[in-house]
file upload_3.cif (mmCIF, C-alpha atoms and all ligand atoms)
data_query
loop_
_atom_site.label_atom_id
_atom_site.label_comp_id
_atom_site.auth_asym_id
_atom_site.auth_seq_id
_atom_site.Cartn_x
_atom_site.Cartn_y
_atom_site.Cartn_z
CA LYS A 491 104.22 104.38 75.96
CA ARG A 492 102.59 102.44 78.75
CA ILE A 493 102.55 102.55 82.55
CA THR A 494 102.48 99.24 84.41
CA ALA A 495 101.78 99.27 88.14
CA ILE A 496 103.45 96.39 89.97
CA LEU A 497 101.63 95.53 93.19
CA PRO A 498 103.18 92.49 94.86
CA PHE A 499 100.36 92.87 97.43
CA TYR A 500 97.04 94.27 96.20
CA PRO A 501 95.59 96.43 99.00
CA TYR A 502 92.05 95.97 100.30
CA ALA A 503 91.74 92.70 98.38
CA ARG A 504 89.63 91.13 101.12
CA GLN A 505 87.07 93.89 100.70
CA ASP A 506 86.00 92.53 97.31
CA LYS A 507 82.29 92.38 98.09
CA LYS A 508 79.73 93.77 100.52
CA HIS A 509 79.74 91.44 103.51
CA ARG A 510 76.80 93.43 104.91
CA GLY A 511 74.87 96.58 104.00
CA ARG A 512 76.60 99.96 103.53
CA GLU A 513 80.08 98.50 103.20
CA PRO A 514 82.28 99.78 100.35
CA ILE A 515 83.90 97.45 97.81
CA SER A 516 87.32 98.93 98.45
CA ALA A 517 89.20 96.53 96.16
CA ARG A 518 87.29 98.10 93.26
CA LEU A 519 88.13 101.59 94.51
CA VAL A 520 91.85 100.69 94.48
CA ALA A 521 91.53 99.59 90.84
CA ASP A 522 89.81 102.89 89.97
CA LEU A 523 92.46 104.93 91.81
CA LEU A 524 95.22 103.19 89.85
CA LYS A 525 93.42 103.76 86.55
CA THR A 526 92.73 107.43 87.33
CA ALA A 527 96.37 107.92 88.32
CA GLY A 528 97.42 106.65 84.89
CA ALA A 529 98.18 102.93 85.19
CA ASP A 530 97.51 101.03 81.95
CA ARG A 531 98.32 97.58 83.25
CA ILE A 532 98.72 95.82 86.59
CA ILE A 533 101.04 93.04 87.67
CA THR A 534 100.10 91.54 91.02
CA VAL A 535 100.53 88.37 93.06
CA ASP A 536 97.94 86.02 94.58
CA LEU A 537 94.84 88.15 94.74
CA HIS A 538 92.51 87.19 97.56
CA THR A 539 89.96 86.19 94.92
CA ASP A 540 90.48 85.79 91.16
CA GLN A 541 87.55 88.01 90.21
CA ILE A 542 89.37 91.14 91.47
CA GLN A 543 91.16 90.99 88.11
CA GLY A 544 87.92 92.22 86.56
CA PHE A 545 87.84 95.38 88.69
CA PHE A 546 90.66 97.02 86.72
CA ASP A 547 89.90 98.42 83.28
CA GLY A 548 92.95 97.03 81.48
CA PRO A 549 95.20 93.98 81.46
CA VAL A 550 95.97 92.38 84.83
CA ASP A 551 98.78 89.86 85.15
CA HIS A 552 97.82 87.76 88.14
CA MET A 553 100.91 85.85 89.22
CA HIS A 554 101.08 83.02 91.75
CA ALA A 555 103.75 82.28 94.34
CA HIS A 556 102.59 78.67 94.49
CA SER A 557 105.61 77.27 92.55
CA GLN A 558 108.18 78.88 94.84
CA LEU A 559 106.33 77.82 97.98
CA ALA A 560 105.72 74.29 96.68
CA ASP A 561 109.40 73.91 95.65
CA HIS A 562 110.36 74.78 99.20
CA ILE A 563 107.99 72.13 100.58
CA ARG A 564 109.23 69.51 98.10
CA GLU A 565 112.83 70.17 99.14
CA GLY A 566 112.16 69.96 102.88
CA TYR A 567 109.45 67.35 103.45
CA ASN A 568 108.60 63.78 102.52
CA LEU A 569 105.74 64.00 100.02
CA GLU A 570 104.42 60.56 101.00
CA HIS A 571 103.38 61.87 104.43
CA ILE A 572 101.82 65.11 103.26
CA THR A 573 98.19 66.21 103.42
CA VAL A 574 97.34 69.64 102.01
CA VAL A 575 94.98 71.60 104.23
CA SER A 576 92.88 74.61 103.30
CA PRO A 577 92.14 76.90 106.28
CA ASP A 578 88.60 77.53 105.01
CA SER A 579 86.17 76.09 102.50
CA GLY A 580 86.74 78.97 100.07
CA ARG A 581 90.33 77.96 99.40
CA VAL A 582 89.74 74.28 98.61
CA ARG A 583 90.24 74.75 94.86
CA VAL A 584 93.63 76.36 95.47
CA ALA A 585 94.44 73.48 97.82
CA GLU A 586 93.58 71.06 95.00
CA LYS A 587 96.24 72.69 92.81
CA TRP A 588 98.69 72.39 95.69
CA ALA A 589 97.81 68.72 96.13
CA ASP A 590 98.41 68.07 92.42
CA SER A 591 101.78 69.77 92.55
CA LEU A 592 102.77 67.72 95.61
CA GLY A 593 102.33 64.34 93.96
CA GLY A 594 98.56 64.01 94.36
CA ALA A 595 98.57 64.51 98.14
CA PRO A 596 95.28 64.05 100.02
CA LEU A 597 93.23 67.10 101.01
CA ALA A 598 91.52 68.35 104.15
CA PHE A 599 89.97 71.67 105.09
CA ILE A 600 88.96 73.63 108.16
CA HIS A 601 85.36 74.59 108.49
CA LYS A 602 85.59 78.18 109.76
CA THR A 603 82.81 80.52 110.80
CA ARG A 604 83.05 84.24 111.50
CA ASP A 605 80.73 86.81 113.04
CA PRO A 606 80.41 89.52 110.33
CA LEU A 607 80.12 92.16 113.05
CA VAL A 608 83.45 91.22 114.70
CA PRO A 609 86.45 91.77 112.39
CA ASN A 610 89.60 89.61 112.59
CA GLN A 611 88.03 87.02 114.88
CA VAL A 612 87.12 83.45 114.01
CA LYS A 613 84.14 81.95 115.82
CA SER A 614 84.75 78.23 115.44
CA ASN A 615 86.87 75.70 113.58
CA ARG A 616 86.70 71.97 112.84
CA VAL A 617 88.70 69.69 110.52
CA VAL A 618 87.02 68.00 107.56
CA GLY A 619 89.26 65.19 106.24
CA GLU A 620 91.83 62.74 107.55
CA VAL A 621 94.91 64.35 109.11
CA GLU A 622 95.97 61.94 111.85
CA GLY A 623 99.74 61.38 111.77
CA ARG A 624 100.08 63.38 108.56
CA THR A 625 102.45 66.24 107.79
CA CYS A 626 99.90 68.97 107.11
CA ILE A 627 100.73 71.72 104.65
CA LEU A 628 98.37 74.49 105.65
CA ILE A 629 98.03 76.98 102.80
CA ASP A 630 96.60 80.50 102.64
CA ASP A 631 96.88 83.64 100.56
CA MET A 632 97.81 85.82 103.52
CA ILE A 633 98.49 85.81 107.22
CA ASP A 634 97.25 89.01 108.83
CA THR A 635 96.76 88.78 112.60
CA GLY A 636 97.49 85.04 112.44
CA GLY A 637 94.13 84.19 114.04
CA THR A 638 92.91 82.03 111.15
CA ILE A 639 96.09 80.07 110.74
CA ALA A 640 96.92 79.63 114.44
CA GLY A 641 93.34 78.45 115.01
CA ALA A 642 93.73 76.00 112.15
CA VAL A 643 97.00 74.64 113.58
CA LYS A 644 95.26 74.13 116.92
CA VAL A 645 92.41 72.08 115.47
CA LEU A 646 94.80 70.10 113.27
CA LYS A 647 96.90 69.21 116.32
CA GLU A 648 93.74 68.28 118.26
CA ALA A 649 92.79 66.02 115.34
CA GLY A 650 96.13 64.20 115.66
CA ALA A 651 98.14 65.85 112.86
CA GLY A 652 101.92 65.32 112.85
CA ASP A 653 104.01 68.31 111.79
CA VAL A 654 102.11 71.34 110.53
CA VAL A 655 103.82 73.56 107.97
CA ILE A 656 102.19 76.88 107.03
CA ALA A 657 102.68 78.22 103.50
CA ALA A 658 101.20 81.61 102.61
CA THR A 659 102.05 84.18 99.97
CA HIS A 660 101.54 87.44 101.87
CA GLY A 661 102.96 87.97 105.35
CA VAL A 662 100.89 90.94 106.51
CA LEU A 663 101.78 89.94 110.06
CA SER A 664 99.76 92.52 111.99
CA HIS A 665 100.21 92.37 115.74
CA PRO A 666 100.07 89.78 117.35
CA ALA A 667 100.76 87.50 114.33
CA ALA A 668 104.48 86.96 115.04
CA GLU A 669 103.81 85.87 118.63
CA ARG A 670 100.87 83.68 117.59
CA LEU A 671 102.80 81.99 114.79
CA ALA A 672 105.91 81.46 116.87
CA SER A 673 103.93 79.73 119.62
CA CYS A 674 101.17 77.96 117.66
CA GLY A 675 103.06 74.68 117.31
CA ALA A 676 103.75 74.89 113.55
CA LYS A 677 107.08 73.38 112.50
CA GLU A 678 107.69 76.06 109.89
CA VAL A 679 105.95 79.15 108.54
CA VAL A 680 106.86 79.97 104.94
CA VAL A 681 105.85 83.29 103.35
CA THR A 682 107.18 85.44 100.53
CA ASN A 683 108.34 89.04 100.74
CA THR A 684 105.46 90.55 98.75
CA LEU A 685 105.32 92.79 101.82
CA PRO A 686 108.45 93.83 103.69
CA ILE A 687 108.81 91.93 106.95
CA SER A 688 110.53 94.01 109.61
CA ASP A 689 113.14 92.49 111.92
CA ASP A 690 110.85 92.67 114.95
CA LYS A 691 108.43 90.28 113.23
CA LEU A 692 111.01 87.59 112.52
CA PHE A 693 111.02 84.37 114.59
CA PRO A 694 113.07 81.15 114.29
CA SER A 695 110.56 79.00 112.39
CA LEU A 696 109.79 81.74 109.83
CA THR A 697 111.17 81.34 106.30
CA VAL A 698 110.83 84.28 103.90
CA LEU A 699 111.20 83.47 100.20
CA SER A 700 111.95 86.16 97.63
CA ILE A 701 109.20 87.01 95.16
CA ALA A 702 111.73 88.96 93.05
CA PRO A 703 112.53 86.16 90.55
CA LEU A 704 108.83 85.73 89.69
CA LEU A 705 108.25 89.46 89.35
CA GLY A 706 111.46 89.88 87.36
CA LYS A 707 110.44 87.20 84.85
CA THR A 708 106.94 88.68 84.60
CA ILE A 709 108.23 92.19 83.96
CA ARG A 710 110.51 90.85 81.25
CA GLU A 711 107.66 88.99 79.51
CA VAL A 712 105.39 92.05 79.68
CA PHE A 713 107.99 94.51 78.41
CA GLU A 714 109.24 92.22 75.67
CA ASN A 715 105.65 91.42 74.62
CA GLY A 716 106.23 87.79 75.48
CA SER A 717 103.92 85.34 77.21
CA VAL A 718 103.17 85.72 80.92
CA THR A 719 101.17 82.49 80.76
CA SER A 720 104.32 80.63 79.74
CA LEU A 721 105.65 81.30 83.26
CA PHE A 722 103.01 78.89 84.55
CA ASN A 723 103.73 76.25 81.89
CA GLY A 724 100.46 77.23 80.26
CA ASN A 725 98.46 76.75 83.48
CA ALA A 726 98.08 80.37 84.61
C1 LIG B 1 90.57 84.86 104.69
O1 LIG B 1 89.68 84.60 103.89
C2 LIG B 1 91.98 85.04 104.27
O2 LIG B 1 92.34 84.17 103.24
C3 LIG B 1 92.93 84.84 105.45
O3 LIG B 1 92.77 83.52 105.95
C4 LIG B 1 92.63 85.80 106.57
O4 LIG B 1 92.29 87.06 106.07
C5 LIG B 1 93.84 85.93 107.45
O5 LIG B 1 93.56 86.85 108.46
P1 LIG B 1 94.03 86.60 109.94
O6 LIG B 1 95.48 86.18 109.87
O7 LIG B 1 93.86 87.93 110.63
O8 LIG B 1 93.15 85.55 110.52
#

call {"tool": "encode", "arguments": {"input": "upload_3.cif", "output": "structure tokens", "more": "lines below"}}
Ligand code: R5P
result
Amino acid sequence: KRITAILPFYPYARQDKKHRGREPISARLVADLLKTAGADRIITVDLHTDQIQGFFDGPVDHMHAHSQLADHIREGYNLEHITVVSPDSGRVRVAEKWADSLGGAPLAFIHKTRDPLVPNQVKSNRVVGEVEGRTCILIDDMIDTGGTIAGAVKVLKEAGAGDVVIAATHGVLSHPAAERLASCGAKEVVVTNTLPISDDKLFPSLTVLSIAPLLGKTIREVFENGSVTSLFNGNA
């Protein structure tokens, strides 16, 4: 009757626009490949940017791991001391949602610049906002090589932050992410298992939460023609 492709991690999501001439928009190609292969609908988690939903010709259920990650933070840390930090200016709106869900916590962000000709390398970082003595919850959609997030931890520490806790949905963890994260000074690194994390990438401060409950509930709503939006209390 209908084929639904479930992609906990949507590949090539960061290639959602031309960053310079003659680059492909590979995230769109992935959507076309899925459609051509016969997918009618997609369920996915924390796309790099919301507009990727529009690349696929059919319904896209864009789920968010925010609730699971935020529950973990609420259980482990004193909300009064928390500042939510976005690792770049593009993620400030997501950080605002985090701040709301953590009792109206203050916000800060890292001003990050990259050289478009040098992949996976950040040029410079500085903190915008007040982080001194605060428990910083540093959020991101994914950790790939760990360069962005380790750089952010460094500037937060230099700015006088207290504990830094990293919360990201996708643990891509390309080499040397595990080493960088383990030694960057973060108190805890929390990711979900939208991608399998092999044993050699595990380190003591890494917590891996299961995305299965969220996907299970979503699949049920889709197949019973229920409401996926209801899973976000109407705020999807
Ligand atoms: C950037 O816009 C993304 O949200 C991530 O911050 C980035 O892609 C992570 O890559 P890496 O861990 O290699 O710095």

call {"tool": "closest_atom_pairs", "arguments": {"input": "upload_3.cif", "of": "range 614-712 of chain A", "to": "range 540-556 of chain A", "cutoff": "8 Å", "atoms": "only C-alpha atoms", "output": "Markdown table"}}
result
| residue | atom | partner | partner_atom | distance |
| --- | --- | --- | --- | --- |
| A:Thr659 | CA | A:Ala555 | CA | 6.2 |
| A:Thr682 | CA | A:Ala555 | CA | 7.8 |
| A:Ile701 | CA | A:Ala555 | CA | 7.3 |
| A:Leu704 | CA | A:Ala555 | CA | 7.7 |

call {"tool": "atom_distance", "arguments": {"input": "upload_3.cif", "atom1": "CA of Glu669 in chain A", "atom2": "CA of Glu565 in chain A"}}
result
26.6 Å

call {"tool": "closest_atom_pairs", "arguments": {"input": "upload_3.cif", "of": "range 601-714 of chain A", "to": "range 584-596 of chain A", "cutoff": "12 Å", "atoms": "all atoms listed in the file", "output": "tab-separated table"}}
result
residue	atom	partner	partner_atom	distance
A:Val618	CA	A:Pro596	CA	11.9
A:Gly619	CA	A:Pro596	CA	8.7
A:Glu620	CA	A:Pro596	CA	8.4
A:Val621	CA	A:Pro596	CA	9.1
A:Arg624	CA	A:Pro596	CA	9.8
A:Thr625	CA	A:Ala595	CA	10.5
A:Cys626	CA	A:Pro596	CA	9.8
A:Ile627	CA	A:Trp588	CA	9.2
A:Leu628	CA	A:Ala585	CA	8.8
A:Ile629	CA	A:Ala585	CA	7.1
A:Asp630	CA	A:Ala585	CA	8.8
A:Asp631	CA	A:Val584	CA	9.5
A:Ala657	CA	A:Trp588	CA	10.5
A:Ala658	CA	A:Ala585	CA	11.6

call {"tool": "atom_distance", "arguments": {"input": "upload_3.cif", "atom1": "CA of Gly511 in chain A", "atom2": "CA of Pro609 in chain A"}}
result
15.1 Å

call {"tool": "closest_atom_pairs", "arguments": {"input": "upload_3.cif", "of": "chain A", "to": "ligand LIG 1 (chain B)", "cutoff": "7 Å", "atoms": "all atoms listed in the file", "output": "Markdown table"}}
result
| residue | atom | partner | partner_atom | distance |
| --- | --- | --- | --- | --- |
| A:Arg504 | CA | B:LIG1 | O4 | 6.9 |
| A:His538 | CA | B:LIG1 | O2 | 6.4 |
| A:Pro577 | CA | B:LIG1 | O3 | 6.7 |
| A:Asn610 | CA | B:LIG1 | O7 | 5.0 |
| A:Gln611 | CA | B:LIG1 | O8 | 6.9 |
| A:Asp630 | CA | B:LIG1 | O2 | 5.7 |
| A:Asp631 | CA | B:LIG1 | O2 | 5.3 |
| A:Met632 | CA | B:LIG1 | C3 | 5.3 |
| A:Ile633 | CA | B:LIG1 | O6 | 4.0 |
| A:Asp634 | CA | B:LIG1 | O6 | 3.5 |
| A:Thr635 | CA | B:LIG1 | O7 | 3.6 |
| A:Gly636 | CA | B:LIG1 | O6 | 3.5 |
| A:Gly637 | CA | B:LIG1 | O8 | 3.9 |
| A:Thr638 | CA | B:LIG1 | O8 | 3.6 |
| A:Ile639 | CA | B:LIG1 | O6 | 6.2 |

call {"tool": "write_last_selection", "arguments": {"input": "upload_3.cif", "atoms": "C-alpha atoms", "output": "short mmCIF file (atom, residue, chain, number, x, y, z; two decimals), in the frame of the given file"}}
result
data_model
loop_
_atom_site.label_atom_id
_atom_site.label_comp_id
_atom_site.auth_asym_id
_atom_site.auth_seq_id
_atom_site.Cartn_x
_atom_site.Cartn_y
_atom_site.Cartn_z
CA ARG A 504 89.63 91.13 101.12
CA HIS A 538 92.51 87.19 97.56
CA PRO A 577 92.14 76.90 106.28
CA ASN A 610 89.60 89.61 112.59
CA GLN A 611 88.03 87.02 114.88
CA ASP A 630 96.60 80.50 102.64
CA ASP A 631 96.88 83.64 100.56
CA MET A 632 97.81 85.82 103.52
CA ILE A 633 98.49 85.81 107.22
CA ASP A 634 97.25 89.01 108.83
CA THR A 635 96.76 88.78 112.60
CA GLY A 636 97.49 85.04 112.44
CA GLY A 637 94.13 84.19 114.04
CA THR A 638 92.91 82.03 111.15
CA ILE A 639 96.09 80.07 110.74
#

call {"tool": "residues_around", "arguments": {"input": "upload_3.cif", "residues": "Ser700 in chain A", "least_positions_apart": "3", "cutoff": "9 Å", "atoms": "all atoms listed in the file", "output": "PDB file with C-alpha atoms, keeping the file's coordinate frame"}}
result
ATOM      1  CA  GLN A 558     108.180  78.880  94.840  1.00  0.00           C
ATOM      2  CA  VAL A 681     105.850  83.290 103.350  1.00  0.00           C
ATOM      3  CA  THR A 682     107.180  85.440 100.530  1.00  0.00           C
ATOM      4  CA  ASN A 683     108.340  89.040 100.740  1.00  0.00           C
ATOM      5  CA  THR A 684     105.460  90.550  98.750  1.00  0.00           C
ATOM      6  CA  PRO A 703     112.530  86.160  90.550  1.00  0.00           C
ATOM      7  CA  LEU A 704     108.830  85.730  89.690  1.00  0.00           C
TER       8      LEU A 704
END

call {"tool": "closest_residue", "arguments": {"input": "upload_3.cif", "among": "A:Gly528, A:Ala495, A:Leu696, A:Val608", "to": "Ile709 in chain A", "atoms": "all atoms listed in the file"}}
result
A:Ala495

call {"tool": "closest_residue", "arguments": {"input": "upload_3.cif", "among": "A:Val643, A:Leu559, A:Ala529, A:Ala517", "to": "Lys491 in chain A", "atoms": "only C-alpha atoms"}}
result
A:Ala529

call {"tool": "closest_residue", "arguments": {"input": "upload_3.cif", "among": "A:Gly706, A:Glu648, A:Phe599, A:Pro606", "to": "Lys508 in chain A", "atoms": "only C-alpha atoms"}}
result
A:Pro606

call {"tool": "residues_near_point", "arguments": {"input": "upload_3.cif", "point": "(95.6, 105.4, 85.3)", "cutoff": "12 Å", "atoms": "all atoms listed in the file", "output": "CSV table (one decimal) with C-alpha atoms, keeping the file's coordinate frame"}}
result
chain,number,residue,atom,x,y,z
A,492,ARG,CA,102.6,102.4,78.8
A,493,ILE,CA,102.6,102.6,82.6
A,494,THR,CA,102.5,99.2,84.4
A,495,ALA,CA,101.8,99.3,88.1
A,520,VAL,CA,91.8,100.7,94.5
A,521,ALA,CA,91.5,99.6,90.8
A,522,ASP,CA,89.8,102.9,90.0
A,523,LEU,CA,92.5,104.9,91.8
A,524,LEU,CA,95.2,103.2,89.8
A,525,LYS,CA,93.4,103.8,86.6
A,526,THR,CA,92.7,107.4,87.3
A,527,ALA,CA,96.4,107.9,88.3
A,528,GLY,CA,97.4,106.6,84.9
A,529,ALA,CA,98.2,102.9,85.2
A,530,ASP,CA,97.5,101.0,82.0
A,531,ARG,CA,98.3,97.6,83.2
A,532,ILE,CA,98.7,95.8,86.6
A,546,PHE,CA,90.7,97.0,86.7
A,547,ASP,CA,89.9,98.4,83.3
A,548,GLY,CA,93.0,97.0,81.5

call {"tool": "atom_distance", "arguments": {"input": "upload_3.cif", "atom1": "CA of Tyr567 in chain A", "atom2": "CA of Arg581 in chain A"}}
result
22.2 Å

call {"tool": "closest_residue", "arguments": {"input": "upload_3.cif", "among": "A:Gly652, A:Val680, A:Leu519, A:Ser688", "to": "Ser664 in chain A", "atoms": "all atoms listed in the file"}}
result
A:Ser688

call {"tool": "build_atoms", "arguments": {"input": "upload_3.cif", "residues": "range 671-682 of chain A", "atoms": "all heavy atoms", "output": "PDB file, in the frame of the given file"}}
result
ATOM      1  N   LEU A 671     102.195  82.986 115.688  1.00  0.00           N
ATOM      2  CA  LEU A 671     102.800  81.990 114.790  1.00  0.00           C
ATOM      3  C   LEU A 671     103.956  81.274 115.472  1.00  0.00           C
ATOM      4  O   LEU A 671     104.144  80.067 115.315  1.00  0.00           O
ATOM      5  CB  LEU A 671     103.273  82.658 113.504  1.00  0.00           C
ATOM      6  CG  LEU A 671     102.168  83.237 112.619  1.00  0.00           C
ATOM      7  CD1 LEU A 671     102.765  84.084 111.499  1.00  0.00           C
ATOM      8  CD2 LEU A 671     101.306  82.129 112.031  1.00  0.00           C
ATOM      9  N   ALA A 672     104.736  82.048 116.218  1.00  0.00           N
ATOM     10  CA  ALA A 672     105.910  81.460 116.870  1.00  0.00           C
ATOM     11  C   ALA A 672     105.496  80.424 117.914  1.00  0.00           C
ATOM     12  O   ALA A 672     106.223  79.469 118.170  1.00  0.00           O
ATOM     13  CB  ALA A 672     106.752  82.559 117.514  1.00  0.00           C
ATOM     14  N   SER A 673     104.318  80.615 118.508  1.00  0.00           N
ATOM     15  CA  SER A 673     103.930  79.730 119.620  1.00  0.00           C
ATOM     16  C   SER A 673     102.788  78.775 119.266  1.00  0.00           C
ATOM     17  O   SER A 673     102.298  78.061 120.129  1.00  0.00           O
ATOM     18  CB  SER A 673     103.528  80.577 120.828  1.00  0.00           C
ATOM     19  OG  SER A 673     102.413  81.375 120.496  1.00  0.00           O
ATOM     20  N   CYS A 674     102.368  78.749 117.990  1.00  0.00           N
ATOM     21  CA  CYS A 674     101.170  77.960 117.660  1.00  0.00           C
ATOM     22  C   CYS A 674     101.458  76.470 117.482  1.00  0.00           C
ATOM     23  O   CYS A 674     100.530  75.668 117.349  1.00  0.00           O
ATOM     24  CB  CYS A 674     100.484  78.512 116.409  1.00  0.00           C
ATOM     25  SG  CYS A 674     101.395  78.210 114.891  1.00  0.00           S
ATOM     26  N   GLY A 675     102.735  76.101 117.442  1.00  0.00           N
ATOM     27  CA  GLY A 675     103.060  74.680 117.310  1.00  0.00           C
ATOM     28  C   GLY A 675     103.386  74.269 115.877  1.00  0.00           C
ATOM     29  O   GLY A 675     103.647  73.089 115.620  1.00  0.00           O
ATOM     30  N   ALA A 676     103.381  75.231 114.942  1.00  0.00           N
ATOM     31  CA  ALA A 676     103.750  74.890 113.550  1.00  0.00           C
ATOM     32  C   ALA A 676     105.252  74.656 113.471  1.00  0.00           C
ATOM     33  O   ALA A 676     106.027  75.355 114.125  1.00  0.00           O
ATOM     34  CB  ALA A 676     103.338  76.010 112.608  1.00  0.00           C
ATOM     35  N   LYS A 677     105.640  73.674 112.651  1.00  0.00           N
ATOM     36  CA  LYS A 677     107.080  73.380 112.500  1.00  0.00           C
ATOM     37  C   LYS A 677     107.768  74.500 111.731  1.00  0.00           C
ATOM     38  O   LYS A 677     108.892  74.878 112.024  1.00  0.00           O
ATOM     39  CB  LYS A 677     107.229  72.045 111.772  1.00  0.00           C
ATOM     40  CG  LYS A 677     108.655  71.561 111.647  1.00  0.00           C
ATOM     41  CD  LYS A 677     108.682  70.210 110.967  1.00  0.00           C
ATOM     42  CE  LYS A 677     110.083  69.778 110.591  1.00  0.00           C
ATOM     43  NZ  LYS A 677     110.924  69.548 111.762  1.00  0.00           N
ATOM     44  N   GLU A 678     107.096  75.010 110.721  1.00  0.00           N
ATOM     45  CA  GLU A 678     107.690  76.060 109.890  1.00  0.00           C
ATOM     46  C   GLU A 678     106.582  76.945 109.340  1.00  0.00           C
ATOM     47  O   GLU A 678     105.474  76.452 109.059  1.00  0.00           O
ATOM     48  CB  GLU A 678     108.495  75.433 108.734  1.00  0.00           C
ATOM     49  CG  GLU A 678     109.246  76.460 107.914  1.00  0.00           C
ATOM     50  CD  GLU A 678     110.078  75.837 106.768  1.00  0.00           C
ATOM     51  OE1 GLU A 678     109.960  74.613 106.527  1.00  0.00           O
ATOM     52  OE2 GLU A 678     110.794  76.608 106.112  1.00  0.00           O
ATOM     53  N   VAL A 679     106.875  78.208 109.181  1.00  0.00           N
ATOM     54  CA  VAL A 679     105.950  79.150 108.540  1.00  0.00           C
ATOM     55  C   VAL A 679     106.688  79.738 107.350  1.00  0.00           C
ATOM     56  O   VAL A 679     107.745  80.363 107.522  1.00  0.00           O
ATOM     57  CB  VAL A 679     105.540  80.288 109.510  1.00  0.00           C
ATOM     58  CG1 VAL A 679     104.553  81.231 108.823  1.00  0.00           C
ATOM     59  CG2 VAL A 679     104.953  79.724 110.800  1.00  0.00           C
ATOM     60  N   VAL A 680     106.179  79.487 106.150  1.00  0.00           N
ATOM     61  CA  VAL A 680     106.860  79.970 104.940  1.00  0.00           C
ATOM     62  C   VAL A 680     105.991  81.039 104.291  1.00  0.00           C
ATOM     63  O   VAL A 680     104.811  80.807 104.017  1.00  0.00           O
ATOM     64  CB  VAL A 680     107.070  78.826 103.920  1.00  0.00           C
ATOM     65  CG1 VAL A 680     108.030  79.273 102.821  1.00  0.00           C
ATOM     66  CG2 VAL A 680     107.567  77.573 104.592  1.00  0.00           C
ATOM     67  N   VAL A 681     106.553  82.215 104.070  1.00  0.00           N
ATOM     68  CA  VAL A 681     105.850  83.290 103.350  1.00  0.00           C
ATOM     69  C   VAL A 681     106.805  83.846 102.301  1.00  0.00           C
ATOM     70  O   VAL A 681     107.982  83.483 102.263  1.00  0.00           O
ATOM     71  CB  VAL A 681     105.398  84.431 104.304  1.00  0.00           C
ATOM     72  CG1 VAL A 681     104.356  83.959 105.304  1.00  0.00           C
ATOM     73  CG2 VAL A 681     106.584  85.064 105.023  1.00  0.00           C
ATOM     74  N   THR A 682     106.297  84.738 101.463  1.00  0.00           N
ATOM     75  CA  THR A 682     107.180  85.440 100.530  1.00  0.00           C
ATOM     76  C   THR A 682     107.285  86.900 100.990  1.00  0.00           C
ATOM     77  O   THR A 682     106.550  87.332 101.872  1.00  0.00           O
ATOM     78  CB  THR A 682     106.663  85.403  99.079  1.00  0.00           C
ATOM     79  OG1 THR A 682     105.592  86.331  98.954  1.00  0.00           O
ATOM     80  CG2 THR A 682     106.214  84.010  98.683  1.00  0.00           C
TER      81      THR A 682
END
